[in-house]
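**Student:** Got a structure for you, written out below as structure tokens; questions coming shortly.
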Amino acid sequence: MIRFSRLVPALAAAAIGTAMLATPAQALVKIGVLSCHIAGGTGLVLYSKKHLQCTFRRTSGRVERYTGSITRVGLDIGETTGTSLVWAVFAPGSTQRGALAGSYAGASAEVTLGAGIGGNVLIGGFKRTITLQPVSLQAQTGYNLAAGVAGLKLRATK
């Protein structure tokens with residue numbers, strides 16, 4: 001029997017490694033940091049969807065706001081409270097305001113037993129040129145085990 005404490009880090013590493021292989025070949029530069037608060041919810045075994053509110057702080061200091069949702073297809077069992085997640089945002093060069101709006105896809109893994117960790121590496125946005133890489137692992141509370149393909153949809157707000 002595989003020990004649970006060894007399974008989760010292996011799942012997280014595999015998910016993040018898979019997403020890193022999907023990163024576009026062009027040279028990317030860090031254009032800012034996206035911080036999101038993800039609503040709590042219940043995983044429904046094969047699918048989950050949670051709403052989020054985000055703030056994108058460009059390296060220039062300019063701030064943009066986004067709303068949207070994050071979905072997961074794959075293993076997702078349990079319930080969590082709200083989650084905070086921070087991604088470094090990479091693009092092939094400078095982008096226009098609202099460029100993060102759009103759909104993203106990638107790998108996701110998390111485990112929560114009281115307090116938990118997880119990570120999501122996603123690619124998408126304007127012409128699929130934006131890459132979101134976790135600055136740190138997400139922090140949340142509850143009881144949950146999840147791994148699979150993640151989808152993120154962002155809409156620019158005023």
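Ligands are numbered from 1 in the order shown, chains are lettered A, B, ... in the order of the structure tokens, and residues start at 1 in each chain.
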Name all residues at most 8 Å from Ser35 in chain A (count only C-alpha atoms; drop same-chain ones fewer than 3 positions away) and give them as a list of chain:residue names.

**Tutor:**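 Close residues of Ser35 in chain A: A:Cys54, A:Thr55, A:Phe56, A:Ser84, A:Leu85, A:Val86, A:Trp87.
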
**Student:** Can I get the selection written as a PDB file, in the first residue's frame, with C-alpha atoms?

**Tutor:**
```pdb
ATOM      1  CA  CYS A  54      -8.033  38.172  -8.463  1.00  0.00           C
ATOM      2  CA  THR A  55      -5.713  41.155  -8.436  1.00  0.00           C
ATOM      3  CA  PHE A  56      -2.943  41.379 -11.042  1.00  0.00           C
ATOM      4  CA  SER A  84      -5.437  32.035  -1.449  1.00  0.00           C
ATOM      5  CA  LEU A  85      -3.171  31.409  -4.406  1.00  0.00           C
ATOM      6  CA  VAL A  86      -0.417  33.518  -5.975  1.00  0.00           C
ATOM      7  CA  TRP A  87       0.975  33.012  -9.491  1.00  0.00           C
TER       8      TRP A  87
END
```

**Student:** One decimal, Å: what's the distance from CA of Ala91 in chain A over to CA of Arg72 in chain A, could you say?

**Tutor:** 23.9 Å

**Student:** Which one of A:Ser94, A:Thr157, A:Thr129, A:Ser48 sits closest to Glu79 in chain A if you count only C-alpha atoms?

**Tutor:** A:Ser48

**Student:** Might you pull out every residue within 10 Å of Ser69 in chain A, with only C-alpha atoms counted and same-chain residues fewer than 6 positions away left off, and present them as a compact mmCIF listing (two decimals) with N, CA and C atoms, in the first residue's frame?

**Tutor:**
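Below is the file around.txt, written as the result:
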```txt
# COMPACT_ATOMS: atom_id res chain seq x y z
N ILE A 38 -9.91 32.09 -3.82
CA ILE A 38 -10.80 31.10 -4.39
C ILE A 38 -11.81 30.69 -3.32
N ALA A 39 -13.09 30.74 -3.68
CA ALA A 39 -14.15 30.38 -2.74
C ALA A 39 -14.02 28.93 -2.32
N LYS A 49 -15.89 23.00 -9.39
CA LYS A 49 -15.83 24.37 -9.93
C LYS A 49 -15.96 25.34 -8.76
N LYS A 50 -15.03 26.30 -8.69
CA LYS A 50 -15.03 27.29 -7.62
C LYS A 50 -14.82 28.68 -8.23
N HIS A 51 -15.49 29.66 -7.64
CA HIS A 51 -15.37 31.04 -8.12
C HIS A 51 -14.17 31.72 -7.46
N LEU A 52 -13.62 32.72 -8.16
CA LEU A 52 -12.46 33.42 -7.62
C LEU A 52 -12.48 34.89 -7.98
N GLN A 53 -11.75 35.67 -7.18
CA GLN A 53 -11.52 37.09 -7.41
C GLN A 53 -10.02 37.31 -7.35
N SER A 103 -9.20 31.89 -21.20
CA SER A 103 -9.20 30.54 -20.64
C SER A 103 -7.79 30.00 -20.51
N GLY A 151 -8.78 23.99 -15.18
CA GLY A 151 -9.15 25.04 -16.13
C GLY A 151 -9.44 26.30 -15.36
N LEU A 152 -9.00 27.43 -15.88
CA LEU A 152 -9.21 28.72 -15.24
C LEU A 152 -9.79 29.66 -16.26
N LYS A 153 -10.86 30.38 -15.91
CA LYS A 153 -11.44 31.40 -16.77
C LYS A 153 -11.38 32.72 -16.03
N LEU A 154 -10.79 33.72 -16.66
CA LEU A 154 -10.68 35.05 -16.07
C LEU A 154 -11.40 36.08 -16.93
N ARG A 155 -12.10 37.01 -16.27
CA ARG A 155 -12.74 38.15 -16.92
C ARG A 155 -12.21 39.41 -16.27
```

**Student:** Please, what distance in Å, to one decimal, runs between CA of Asn144 in chain A and CA of Ile123 in chain A?

**Tutor:**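 Atom-to-atom, CA of Asn144 in chain A to CA of Ile123 in chain A, that is 24.5 Å.
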
**Student:** Could you tell me how far CA of Ile31 in chain A lies from CA of Pro134 in chain A, in Å and to one decimal?

**Tutor:**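 Calculated distance between CA of Ile31 in chain A and CA of Pro134 in chain A is 14.0 Å.
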
**Student:** Between A:Gly32, A:Ala107, A:Ala27, A:Lys127, single out the one closest to Ile70 in chain A, counting only C-alpha atoms.

**Tutor:** A:Ala107

**Student:** Would you list the contacts of Ala147 in chain A as a compact mmCIF listing (two decimals) with N, CA and C atoms, in the first residue's frame, taking every protein, DNA or RNA residue within 6 Å and counting only C-alpha atoms, but skipping same-chain residues closer than 4 positions in sequence?

**Tutor:**
```txt
# COMPACT_ATOMS: atom_id res chain seq x y z
N LEU A 75 -9.56 13.51 -9.98
CA LEU A 75 -9.87 13.20 -8.59
C LEU A 75 -10.06 14.49 -7.80
N SER A 108 -2.97 20.30 -11.92
CA SER A 108 -3.30 20.73 -10.58
C SER A 108 -3.20 19.56 -9.61
N ALA A 109 -2.74 19.84 -8.39
CA ALA A 109 -2.70 18.82 -7.34
C ALA A 109 -2.79 19.50 -5.99
```

**Student:** For Phe90 in chain A, find every residue with an atom within 7 Å (counting only C-alpha atoms), except residues of its own chain fewer than 3 positions away, and show them as a ChimeraX atom specification.

**Tutor:** /A:28-31,130-132

**Student:** Okay, now the selection with N, CA and C atoms, as a tab-separated table (two decimals), in the first residue's frame?

**Tutor:**
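Printed below is part.tsv as written:
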```
chain	number	residue	atom	x	y	z
A	28	LEU	N	9.95	33.85	-22.39
A	28	LEU	CA	8.93	34.52	-21.58
A	28	LEU	C	9.60	35.41	-20.55
A	29	VAL	N	8.96	36.55	-20.25
A	29	VAL	CA	9.45	37.45	-19.21
A	29	VAL	C	8.35	37.61	-18.16
A	30	LYS	N	8.76	37.80	-16.94
A	30	LYS	CA	7.78	37.99	-15.86
A	30	LYS	C	7.19	39.39	-16.00
A	31	ILE	N	5.85	39.47	-16.10
A	31	ILE	CA	5.20	40.77	-16.26
A	31	ILE	C	4.43	41.18	-15.01
A	130	ILE	N	0.15	33.49	-22.25
A	130	ILE	CA	0.37	33.80	-20.83
A	130	ILE	C	0.58	32.49	-20.07
A	131	THR	N	1.60	32.46	-19.21
A	131	THR	CA	1.85	31.30	-18.35
A	131	THR	C	1.73	31.74	-16.90
A	132	LEU	N	0.97	30.98	-16.11
A	132	LEU	CA	0.82	31.24	-14.68
A	132	LEU	C	1.55	30.14	-13.93
```

**Student:** A:Gly68, A:Leu100, A:Val33, A:Gly148: which is nearest Leu46 in chain A, counting only C-alpha atoms?

**Tutor:** A:Gly148
